[in-house]
Amino acid sequence: MAKKLLIIGAGMASGRMLEELLDRAPGAYEITLFNAEPRGNYNRIMLSPVLAGDKTYEEIVTHDDAWYAEKGVRTVFGRRVTKIDRAFKTVTDDAGETHNYDKLVLATGSDPFIIPVPGRDLPGVLAYRDLEDTEAMMKLGAKPGAKAVVIGGGLLGLEAAAGMATHGVDVAVLHLMPTLMERQLDEAAGSLLRRSLEAKGIKIHTRANTAAILGDADAGVRAVKLDDGTELAADLVCMAVGIRPSIAVAKEAGLELGRGVLVDDHMATSDPDIFAVGECVEHRGAVYGLVAPLYDMAKVLAARLAGDTEAAYAGSVTSTKLKVTGCDVFSAGDFAEGEGRQEIVFRDAARGVYKRLVIEDDRIIGAVMFGDTVDGPYFFQLLKDGTDISDIRDTVIFGPTFAEGGAADPLQAVAALPLEAEICGCNGVCKGAIIEAIAEKGLTSLAEVQAHTKASSSCGTCAGLVEQVMAIELGDGFEAKTVEPMCGCTDLTHLDVRRLIVSQSLKSIPEVLQALEWKTSCGCAKCRPALNYYLLCAWPGEAIDDGQSRFINERVHANIQKDGTYSVVPRMWGGMTSSDELRAIADVVDKFKIPTVKVTGGQRIDMLGVQKEDLPGVWEDLGKAGFVSGHDYAKGLRTVKTCVGKEWCRFGTQDSTGLGVQLEKRLWGSWTPAKVKLGVSGCPRNCAEATCKDIGVVCVDSGYEISFAGAAGLDVKQTEFLCKVATEAEVFEHVEALLQLYREEAQYLHRMYKWLARVGMEHIQSRVVEDADSREALSDRFRFSQSIFQVDPWAERARRDVDAHEFKPLAEVA
């Protein structure tokens, strides 16, 4: 009969221990997993990319409900274990329920340290430990002019500050010490880090001692006061000044404690039937807060529970990486100055690169790197192995290629790494695990290795190293290109570029080309239009619209035809027009001798055959008649097709025409990744063909059914149902939020149905339908963008010479 194993805490350590145990001894235990949070295991160190907008919560979940069900793990989430009765071998949760165990694992993690200053309990003061904290900081970005103060300039505090800054929050960091991340960085690297963060708009205050947090219980926090009297306005205060092992339940149970729960090399506590793992543990005098040691502990504990009496944990040497701010930082070991120690320093001020190795007895004992951390794993392995570097001392600072005698093959150093060398720190994956997975499962691509081993599936900084391991093992069988780059000018994908534009606060094409190391000096006709769109979308009002990076149609605001003439389509709101508008169009047709006039499928009038030199005059006359551009040439809103609705049709249930007109007036002029067409039908008979549009609204007696991601071009596809709402106001908010999410996430030139296929319906519905705060924030961002870009180009350029806006460096792409 299987023994009962109870695990308290669903953090990263217990998650890895579960994986290892179920792999080693499936069926050996009847497992129950408790967690005070209302959810299971997720990669907590990836909360920073979630905050920065680089990932969603769903992407960092390590074990979902289906996994627990498949493995037979009983879950008790949203409950806190309050008591352990060692005599009767039971635990009691805060619902009063008692559970029996044969073996018990404590994985209670750590608690954030809250500095004891007045105001620490005010609404708006939080730590940075879980999803709720992350979501609170993300929501702050929806508030115009929002300000945040982060207390603590360590790794966690800087990640919190950088993440909020990407959402437009005005962030200040307070740090008691003179140097940021003083435990991980020396003064020189800390200074470079500070300069880099300040360049991104984050205010840094060192030697800053918090005296009080100001505000009241009703309105919440309003400012942070320093001991010198300085007050910094704040709508939110994030305390990130450290963590302490969470040991309350262990203390109440009478287990032996130090700073954490004391364990031996087998992860056993003072009670032989109770084990502990993770941040709550003290082992050989050390308490760890980084993920690699937690995974090492988890593997040992899983082995012990599976019956391996030899498995033992001897402690860990740790390294630190910081990437989320857009700053590459690495440190490991002891880098303090001391008698008998020597150091090797490399500086390249122009590139912002700094490397420092601390050496004692011909062995590396510490390493600090900023700006270029690619050799971090190499130095870390030398440090862990205690390698004698006397033979390579003169060249070691330049990395493995030079250190090993200038080998032409850069894979040589990777091939020399031992099997136990750590490749992925986020997920604790060693070189040997990757090689074993490749051999056993026949993996040939990075995506497959990520799926089976989790290596490089989190922050991604080790992807190059993983690919090098694969190249060594597979030779010609290695599929190096798993995704298509944006163009030949870069190895980055569209999504990589979008993410980096936001995370590195890049606001112009030259900045992008420089910061992201473009292979060409000025880009090409494929990447520049995409870059221009991504910049305008990410930084409305700050990024400058680069005319030469638009296609010819968008430069002259008309559609080029195969004979070199142009077509002009004025906007007719919801397909409605009047005799005055029709007369104005007729006059323009006669005046400029336009040869062809056609009614379009989008219920508008198209004038074809307009000469290029006549475009300014056509724009001017149509503008005087009250027309704005129909944007038939644009990657933006094209048409809103409507039926006559209940005013005229005996089947109509709502005013579909009026709703379509209002939607079009709200949405026109919005730049999008590809063209967008809408339809509004007054009843399910769907005369406006709403169910094959990018966004469709079908009116019914009880409200409005919203669907999206249809197509009726090269691909023919019916829309997918999004939601049903009761009022027109709800239609506006949902459609604006949906369009903004598409604008922010889709690849350039991808229609809405391709975006849906990539991100999935659950993601879109959660952001637009289920989460009201998210929907409101998206709608607010859309309206802000519209306040800048909803400008009629005809009125703006009617008296300008079109040729002045032709830019020859780009090919004229129709």
# chains A, B, ... in the order shown; residues from 1 in each chain; ligands from 1
call {"tool": "residues_around", "arguments": {"residues": "A:Val676", "least_positions_apart": "2", "cutoff": "9 Å", "atoms": "only C-alpha atoms", "output": "list in words"}}
result
Lys635, Gly636, Leu637, Arg638, Thr639, Thr672, Pro673, Ala674, Leu678, Lys693, Asp694, Ile695, Arg751 and Met752 of chain A
call {"tool": "residues_around", "arguments": {"residues": "A:Pro123", "least_positions_apart": "2", "cutoff": "12 Å", "atoms": "only C-alpha atoms", "output": "ChimeraX atom specification"}}
result
/A:119-121,125-127,136,213-222,234-238
call {"tool": "closest_residue", "arguments": {"among": "A:Glu473, A:Asp771, A:Asp227, A:Glu59", "to": "A:Leu176", "atoms": "only C-alpha atoms"}}
result
A:Asp227
call {"tool": "atom_distance", "arguments": {"atom1": "atom CA of A:Asp228", "atom2": "atom CA of A:Ala211"}}
result
8.5 Å
call {"tool": "closest_residue", "arguments": {"among": "A:Ala25, A:Ala107, A:Val50, A:Ala240", "to": "A:Gly163", "atoms": "only C-alpha atoms"}}
result
A:Val50
call {"tool": "closest_residue", "arguments": {"among": "A:Tyr354, A:Leu106, A:Phe335, A:Val249", "to": "A:Met267", "atoms": "only C-alpha atoms"}}
result
A:Leu106
call {"tool": "residues_around", "arguments": {"residues": "stretch 147-157 of chain A", "least_positions_apart": "2", "cutoff": "8 Å", "atoms": "only C-alpha atoms", "output": "list of chain:residue names"}}
result
A:Tyr128, A:Gly145, A:Glu159, A:Ala160, A:Ala161, A:Val169, A:Asp170, A:Val171, A:Ala172, A:Val173, A:Leu174, A:His175, A:Leu176, A:Leu180, A:Met181, A:Glu182, A:Thr210, A:Val224, A:Leu232, A:Ala233, A:Ala234, A:Asp235, A:Leu236, A:Val237, A:Cys238, A:Met239, A:Ala240, A:Val241, A:Leu322
call {"tool": "closest_atom_pairs", "arguments": {"of": "stretch 131-224 of chain A", "to": "stretch 481-504 of chain A", "cutoff": "10 Å", "atoms": "only C-alpha atoms", "output": "Markdown table"}}
result
| residue | atom | partner | partner_atom | distance |
| --- | --- | --- | --- | --- |
| A:Ala162 | CA | A:Ser503 | CA | 7.9 |
| A:Gly163 | CA | A:Ser503 | CA | 8.0 |
| A:Ala165 | CA | A:Ser503 | CA | 8.7 |
| A:Thr166 | CA | A:Ser503 | CA | 6.1 |
| A:His167 | CA | A:Val502 | CA | 8.8 |
| A:Ser196 | CA | A:Gln504 | CA | 9.9 |
| A:Leu197 | CA | A:Gln504 | CA | 9.7 |
| A:Ala199 | CA | A:Gln504 | CA | 9.6 |
| A:Lys200 | CA | A:Gln504 | CA | 7.2 |
call {"tool": "select_by_dssp", "arguments": {"residues": "stretch 615-696 of chain A", "states": "alpha helix (DSSP H)", "output": "MDAnalysis selection string"}}
result
chainID A and resid 615:624 656:667
call {"tool": "select_by_dssp", "arguments": {"residues": "stretch 4-136 of chain A", "states": "strand (DSSP E or B)", "output": "compact mmCIF listing (two decimals) with N, CA and C atoms, in the first residue's frame"}}
result
# COMPACT_ATOMS: atom_id res chain seq x y z
N LYS A 4 1.48 7.71 2.65
CA LYS A 4 0.92 9.05 2.48
C LYS A 4 2.02 10.09 2.61
N LEU A 5 2.20 10.86 1.55
CA LEU A 5 3.18 11.94 1.54
C LEU A 5 2.44 13.27 1.44
N LEU A 6 2.65 14.13 2.43
CA LEU A 6 2.06 15.47 2.42
C LEU A 6 3.15 16.48 2.16
N ILE A 7 2.87 17.42 1.28
CA ILE A 7 3.83 18.48 0.93
C ILE A 7 3.18 19.82 1.24
N ILE A 8 3.83 20.63 2.05
CA ILE A 8 3.31 21.95 2.40
C ILE A 8 4.07 22.99 1.58
N TYR A 29 3.86 6.73 -3.46
CA TYR A 29 3.23 7.56 -2.44
C TYR A 29 1.84 8.03 -2.90
N GLU A 30 0.98 8.17 -1.93
CA GLU A 30 -0.30 8.87 -2.12
C GLU A 30 -0.04 10.32 -1.71
N ILE A 31 0.01 11.22 -2.69
CA ILE A 31 0.56 12.56 -2.47
C ILE A 31 -0.56 13.59 -2.34
N THR A 32 -0.43 14.45 -1.33
CA THR A 32 -1.31 15.61 -1.17
C THR A 32 -0.44 16.86 -1.12
N LEU A 33 -0.79 17.83 -1.94
CA LEU A 33 -0.01 19.08 -2.04
C LEU A 33 -0.84 20.25 -1.52
N PHE A 34 -0.31 20.94 -0.52
CA PHE A 34 -0.97 22.12 0.04
C PHE A 34 -0.30 23.39 -0.49
N ASN A 35 -1.10 24.45 -0.64
CA ASN A 35 -0.53 25.74 -0.97
C ASN A 35 -1.43 26.84 -0.44
N TYR A 42 4.24 27.35 -10.11
CA TYR A 42 4.62 28.19 -11.24
C TYR A 42 6.04 28.71 -11.00
N VAL A 61 3.42 28.83 -15.77
CA VAL A 61 2.89 27.72 -14.98
C VAL A 61 3.69 26.47 -15.30
N ARG A 74 -3.24 14.88 -5.21
CA ARG A 74 -4.38 15.61 -4.64
C ARG A 74 -3.91 17.00 -4.26
N THR A 75 -4.66 18.01 -4.64
CA THR A 75 -4.27 19.39 -4.37
C THR A 75 -5.24 20.05 -3.40
N VAL A 76 -4.68 20.81 -2.46
CA VAL A 76 -5.47 21.60 -1.51
C VAL A 76 -4.92 23.01 -1.59
N PHE A 77 -5.46 23.80 -2.51
CA PHE A 77 -4.94 25.14 -2.75
C PHE A 77 -5.85 26.19 -2.10
N VAL A 81 -1.57 25.60 6.01
CA VAL A 81 -1.39 24.64 7.10
C VAL A 81 -1.00 25.41 8.35
N THR A 82 -1.76 25.23 9.42
CA THR A 82 -1.54 26.00 10.64
C THR A 82 -0.90 25.19 11.76
N LYS A 83 -0.96 23.85 11.66
CA LYS A 83 -0.44 23.04 12.78
C LYS A 83 0.07 21.70 12.28
N ILE A 84 1.19 21.28 12.85
CA ILE A 84 1.73 19.93 12.62
C ILE A 84 1.74 19.21 13.96
N ASP A 85 1.08 18.07 14.01
CA ASP A 85 1.09 17.23 15.21
C ASP A 85 2.02 16.05 14.93
N THR A 90 -0.13 14.23 11.90
CA THR A 90 -1.22 14.90 11.18
C THR A 90 -0.85 16.37 10.99
N VAL A 91 -1.49 16.99 10.00
CA VAL A 91 -1.42 18.45 9.83
C VAL A 91 -2.86 18.96 9.80
N THR A 92 -3.04 20.20 10.24
CA THR A 92 -4.36 20.84 10.25
C THR A 92 -4.28 22.12 9.43
N ASP A 93 -5.26 22.32 8.54
CA ASP A 93 -5.25 23.53 7.72
C ASP A 93 -6.18 24.57 8.33
N THR A 98 -8.17 18.05 9.18
CA THR A 98 -6.96 17.34 9.58
C THR A 98 -6.60 16.29 8.55
N HIS A 99 -5.29 16.16 8.27
CA HIS A 99 -4.80 15.24 7.24
C HIS A 99 -3.67 14.38 7.83
N ASN A 100 -3.69 13.10 7.57
CA ASN A 100 -2.66 12.18 8.06
C ASN A 100 -1.48 12.11 7.09
N LYS A 103 5.00 10.54 5.60
CA LYS A 103 6.15 11.42 5.42
C LYS A 103 5.63 12.82 5.11
N LEU A 104 6.33 13.81 5.65
CA LEU A 104 5.92 15.21 5.46
C LEU A 104 7.08 16.01 4.91
N VAL A 105 6.80 16.85 3.91
CA VAL A 105 7.82 17.73 3.34
C VAL A 105 7.42 19.18 3.57
N LEU A 106 8.30 19.93 4.18
CA LEU A 106 8.09 21.37 4.34
C LEU A 106 8.77 22.09 3.18
N SER A 110 9.80 31.39 1.70
CA SER A 110 10.26 32.51 2.50
C SER A 110 9.19 33.60 2.54
N ASP A 111 9.33 34.48 3.50
CA ASP A 111 8.44 35.62 3.64
C ASP A 111 9.24 36.89 3.36
N PRO A 112 8.62 37.87 2.69
CA PRO A 112 9.33 39.13 2.47
C PRO A 112 9.51 39.88 3.78
N VAL A 125 0.88 49.41 -0.16
CA VAL A 125 2.23 48.96 0.20
C VAL A 125 2.26 47.45 0.05
N LEU A 126 3.17 46.96 -0.76
CA LEU A 126 3.22 45.52 -1.01
C LEU A 126 4.66 45.05 -1.15
call {"tool": "closest_residue", "arguments": {"among": "A:Thr108, A:Thr318, A:Gln468, A:Ser508", "to": "A:Ala292", "atoms": "only C-alpha atoms"}}
result
A:Thr318
call {"tool": "closest_residue", "arguments": {"among": "A:Tyr378, A:Tyr313, A:Trp794, A:Tyr533", "to": "A:Gly630", "atoms": "only C-alpha atoms"}}
result
A:Trp794
call {"tool": "residues_around", "arguments": {"residues": "A:Gln790", "least_positions_apart": "5", "cutoff": "10 Å", "atoms": "only C-alpha atoms", "output": "PyMOL selection string"}}
result
chain A and resi 665-671+783+785
call {"tool": "atom_distance", "arguments": {"atom1": "atom CA of A:Arg356", "atom2": "atom CA of A:Ile397"}}
result
7.8 Å
call {"tool": "closest_residue", "arguments": {"among": "A:Ala66, A:Ile434, A:Ala726, A:Leu622", "to": "A:Pro570", "atoms": "only C-alpha atoms"}}
result
A:Leu622
call {"tool": "residues_around", "arguments": {"residues": "A:Ser456", "least_positions_apart": "4", "cutoff": "9 Å", "atoms": "only C-alpha atoms", "output": "list in words"}}
result
Ile423, Cys424, Gly425, Cys426, Asn427, Leu446, Val449, Gln450, Gly460, Thr461, Cys462, Ala463, Gly464, Leu465 and Val466 of chain A
call {"tool": "atom_distance", "arguments": {"atom1": "atom CA of A:Thr642", "atom2": "atom CA of A:Leu659"}}
result
8.6 Å
call {"tool": "residues_around", "arguments": {"residues": "A:Gly285", "least_positions_apart": "4", "cutoff": "12 Å", "atoms": "only C-alpha atoms", "output": "PDB file with N, CA and C atoms, in the first residue's frame"}}
result
ATOM      1  N   LEU A 257      15.615  24.678  14.716  1.00  0.00           N
ATOM      2  CA  LEU A 257      15.697  25.805  13.792  1.00  0.00           C
ATOM      3  C   LEU A 257      17.013  26.545  13.956  1.00  0.00           C
ATOM      4  N   GLY A 258      17.457  27.173  12.890  1.00  0.00           N
ATOM      5  CA  GLY A 258      18.496  28.182  12.923  1.00  0.00           C
ATOM      6  C   GLY A 258      17.875  29.426  12.315  1.00  0.00           C
ATOM      7  N   ARG A 259      18.489  29.915  11.268  1.00  0.00           N
ATOM      8  CA  ARG A 259      17.790  30.952  10.490  1.00  0.00           C
ATOM      9  C   ARG A 259      16.638  30.350   9.710  1.00  0.00           C
ATOM     10  N   GLY A 260      16.768  29.056   9.383  1.00  0.00           N
ATOM     11  CA  GLY A 260      15.708  28.318   8.727  1.00  0.00           C
ATOM     12  C   GLY A 260      15.519  26.982   9.422  1.00  0.00           C
ATOM     13  N   VAL A 261      14.769  26.090   8.801  1.00  0.00           N
ATOM     14  CA  VAL A 261      14.580  24.747   9.341  1.00  0.00           C
ATOM     15  C   VAL A 261      15.881  23.976   9.123  1.00  0.00           C
ATOM     16  N   LEU A 262      16.487  23.510  10.194  1.00  0.00           N
ATOM     17  CA  LEU A 262      17.769  22.820  10.085  1.00  0.00           C
ATOM     18  C   LEU A 262      17.583  21.450   9.430  1.00  0.00           C
ATOM     19  N   VAL A 263      18.392  21.165   8.410  1.00  0.00           N
ATOM     20  CA  VAL A 263      18.338  19.868   7.733  1.00  0.00           C
ATOM     21  C   VAL A 263      19.748  19.307   7.608  1.00  0.00           C
ATOM     22  N   ASP A 264      19.821  17.976   7.465  1.00  0.00           N
ATOM     23  CA  ASP A 264      21.102  17.337   7.226  1.00  0.00           C
ATOM     24  C   ASP A 264      21.322  17.176   5.723  1.00  0.00           C
ATOM     25  N   ASP A 265      22.342  16.436   5.342  1.00  0.00           N
ATOM     26  CA  ASP A 265      22.654  16.278   3.917  1.00  0.00           C
ATOM     27  C   ASP A 265      21.593  15.477   3.172  1.00  0.00           C
ATOM     28  N   VAL A 281      14.908  26.378   4.282  1.00  0.00           N
ATOM     29  CA  VAL A 281      15.915  25.457   4.824  1.00  0.00           C
ATOM     30  C   VAL A 281      17.200  26.187   5.207  1.00  0.00           C
ATOM     31  N   ALA A 314      25.460  18.544  -0.675  1.00  0.00           N
ATOM     32  CA  ALA A 314      26.679  19.057  -0.053  1.00  0.00           C
ATOM     33  C   ALA A 314      26.751  20.573  -0.056  1.00  0.00           C
ATOM     34  N   GLY A 315      25.685  21.243  -0.483  1.00  0.00           N
ATOM     35  CA  GLY A 315      25.716  22.697  -0.583  1.00  0.00           C
ATOM     36  C   GLY A 315      25.915  23.141  -2.012  1.00  0.00           C
ATOM     37  N   SER A 316      25.777  24.435  -2.254  1.00  0.00           N
ATOM     38  CA  SER A 316      25.830  24.951  -3.630  1.00  0.00           C
ATOM     39  C   SER A 316      26.664  26.216  -3.707  1.00  0.00           C
TER      40      SER A 316
END
call {"tool": "decode", "arguments": {"residues": "stretch 416-428 of chain A", "atoms": "all heavy atoms", "output": "PDB file, in the first residue's frame"}}
result
ATOM      1  N   ALA A 416      34.091  20.806 -23.875  1.00  0.00           N
ATOM      2  CA  ALA A 416      34.933  20.441 -22.743  1.00  0.00           C
ATOM      3  C   ALA A 416      34.220  20.544 -21.406  1.00  0.00           C
ATOM      4  O   ALA A 416      34.721  20.050 -20.393  1.00  0.00           O
ATOM      5  CB  ALA A 416      36.173  21.335 -22.725  1.00  0.00           C
ATOM      6  N   LEU A 417      33.044  21.170 -21.364  1.00  0.00           N
ATOM      7  CA  LEU A 417      32.314  21.293 -20.107  1.00  0.00           C
ATOM      8  C   LEU A 417      31.905  19.913 -19.609  1.00  0.00           C
ATOM      9  O   LEU A 417      31.482  19.059 -20.382  1.00  0.00           O
ATOM     10  CB  LEU A 417      31.054  22.149 -20.292  1.00  0.00           C
ATOM     11  CG  LEU A 417      31.238  23.647 -20.500  1.00  0.00           C
ATOM     12  CD1 LEU A 417      29.896  24.310 -20.791  1.00  0.00           C
ATOM     13  CD2 LEU A 417      31.897  24.292 -19.286  1.00  0.00           C
ATOM     14  N   PRO A 418      32.002  19.662 -18.304  1.00  0.00           N
ATOM     15  CA  PRO A 418      31.592  18.350 -17.774  1.00  0.00           C
ATOM     16  C   PRO A 418      30.069  18.183 -17.861  1.00  0.00           C
ATOM     17  O   PRO A 418      29.330  19.158 -18.007  1.00  0.00           O
ATOM     18  CB  PRO A 418      32.061  18.400 -16.317  1.00  0.00           C
ATOM     19  CG  PRO A 418      32.106  19.854 -15.982  1.00  0.00           C
ATOM     20  CD  PRO A 418      32.521  20.555 -17.247  1.00  0.00           C
ATOM     21  N   LEU A 419      29.589  16.961 -17.766  1.00  0.00           N
ATOM     22  CA  LEU A 419      28.159  16.680 -17.887  1.00  0.00           C
ATOM     23  C   LEU A 419      27.354  17.371 -16.801  1.00  0.00           C
ATOM     24  O   LEU A 419      26.188  17.721 -17.009  1.00  0.00           O
ATOM     25  CB  LEU A 419      27.914  15.168 -17.834  1.00  0.00           C
ATOM     26  CG  LEU A 419      28.477  14.352 -19.002  1.00  0.00           C
ATOM     27  CD1 LEU A 419      28.212  12.868 -18.786  1.00  0.00           C
ATOM     28  CD2 LEU A 419      27.880  14.819 -20.325  1.00  0.00           C
ATOM     29  N   GLU A 420      27.951  17.591 -15.636  1.00  0.00           N
ATOM     30  CA  GLU A 420      27.203  18.220 -14.541  1.00  0.00           C
ATOM     31  C   GLU A 420      27.199  19.741 -14.627  1.00  0.00           C
ATOM     32  O   GLU A 420      26.589  20.412 -13.795  1.00  0.00           O
ATOM     33  CB  GLU A 420      27.765  17.785 -13.186  1.00  0.00           C
ATOM     34  CG  GLU A 420      29.204  18.215 -12.917  1.00  0.00           C
ATOM     35  CD  GLU A 420      30.233  17.216 -13.432  1.00  0.00           C
ATOM     36  OE1 GLU A 420      29.849  16.325 -14.235  1.00  0.00           O
ATOM     37  OE2 GLU A 420      31.401  17.317 -13.042  1.00  0.00           O
ATOM     38  N   ALA A 421      27.848  20.312 -15.641  1.00  0.00           N
ATOM     39  CA  ALA A 421      27.876  21.766 -15.785  1.00  0.00           C
ATOM     40  C   ALA A 421      26.469  22.300 -16.008  1.00  0.00           C
ATOM     41  O   ALA A 421      25.713  21.809 -16.846  1.00  0.00           O
ATOM     42  CB  ALA A 421      28.777  22.165 -16.955  1.00  0.00           C
ATOM     43  N   GLU A 422      26.129  23.313 -15.240  1.00  0.00           N
ATOM     44  CA  GLU A 422      24.786  23.897 -15.355  1.00  0.00           C
ATOM     45  C   GLU A 422      24.682  24.731 -16.625  1.00  0.00           C
ATOM     46  O   GLU A 422      25.479  25.625 -16.878  1.00  0.00           O
ATOM     47  CB  GLU A 422      24.484  24.767 -14.138  1.00  0.00           C
ATOM     48  CG  GLU A 422      23.093  25.364 -14.147  1.00  0.00           C
ATOM     49  CD  GLU A 422      22.843  26.249 -12.939  1.00  0.00           C
ATOM     50  OE1 GLU A 422      22.419  25.710 -11.894  1.00  0.00           O
ATOM     51  OE2 GLU A 422      23.100  27.457 -13.045  1.00  0.00           O
ATOM     52  N   ILE A 423      23.669  24.451 -17.437  1.00  0.00           N
ATOM     53  CA  ILE A 423      23.429  25.191 -18.669  1.00  0.00           C
ATOM     54  C   ILE A 423      22.302  26.198 -18.473  1.00  0.00           C
ATOM     55  O   ILE A 423      22.404  27.354 -18.866  1.00  0.00           O
ATOM     56  CB  ILE A 423      23.072  24.224 -19.823  1.00  0.00           C
ATOM     57  CG1 ILE A 423      24.226  23.250 -20.075  1.00  0.00           C
ATOM     58  CG2 ILE A 423      22.748  25.007 -21.090  1.00  0.00           C
ATOM     59  CD1 ILE A 423      25.523  23.886 -20.513  1.00  0.00           C
ATOM     60  N   CYS A 424      21.209  25.775 -17.847  1.00  0.00           N
ATOM     61  CA  CYS A 424      20.051  26.644 -17.622  1.00  0.00           C
ATOM     62  C   CYS A 424      19.870  26.840 -16.126  1.00  0.00           C
ATOM     63  O   CYS A 424      19.420  25.923 -15.423  1.00  0.00           O
ATOM     64  CB  CYS A 424      18.793  26.041 -18.244  1.00  0.00           C
ATOM     65  SG  CYS A 424      17.282  26.973 -17.909  1.00  0.00           S
ATOM     66  N   GLY A 425      20.214  28.032 -15.636  1.00  0.00           N
ATOM     67  CA  GLY A 425      20.081  28.309 -14.210  1.00  0.00           C
ATOM     68  C   GLY A 425      18.648  28.451 -13.754  1.00  0.00           C
ATOM     69  O   GLY A 425      18.305  28.089 -12.630  1.00  0.00           O
ATOM     70  N   CYS A 426      17.770  28.989 -14.614  1.00  0.00           N
ATOM     71  CA  CYS A 426      16.371  29.188 -14.224  1.00  0.00           C
ATOM     72  C   CYS A 426      15.683  27.881 -13.884  1.00  0.00           C
ATOM     73  O   CYS A 426      14.831  27.823 -12.995  1.00  0.00           O
ATOM     74  CB  CYS A 426      15.591  29.897 -15.336  1.00  0.00           C
ATOM     75  SG  CYS A 426      16.089  31.597 -15.639  1.00  0.00           S
ATOM     76  N   ASN A 427      16.033  26.824 -14.611  1.00  0.00           N
ATOM     77  CA  ASN A 427      15.350  25.550 -14.427  1.00  0.00           C
ATOM     78  C   ASN A 427      16.280  24.438 -13.937  1.00  0.00           C
ATOM     79  O   ASN A 427      15.864  23.278 -13.866  1.00  0.00           O
ATOM     80  CB  ASN A 427      14.679  25.120 -15.734  1.00  0.00           C
ATOM     81  CG  ASN A 427      13.556  26.050 -16.115  1.00  0.00           C
ATOM     82  OD1 ASN A 427      12.545  26.130 -15.433  1.00  0.00           O
ATOM     83  ND2 ASN A 427      13.734  26.790 -17.213  1.00  0.00           N
ATOM     84  N   GLY A 428      17.522  24.798 -13.615  1.00  0.00           N
ATOM     85  CA  GLY A 428      18.441  23.824 -13.042  1.00  0.00           C
ATOM     86  C   GLY A 428      18.747  22.657 -13.958  1.00  0.00           C
ATOM     87  O   GLY A 428      18.778  21.512 -13.514  1.00  0.00           O
TER      88      GLY A 428
END
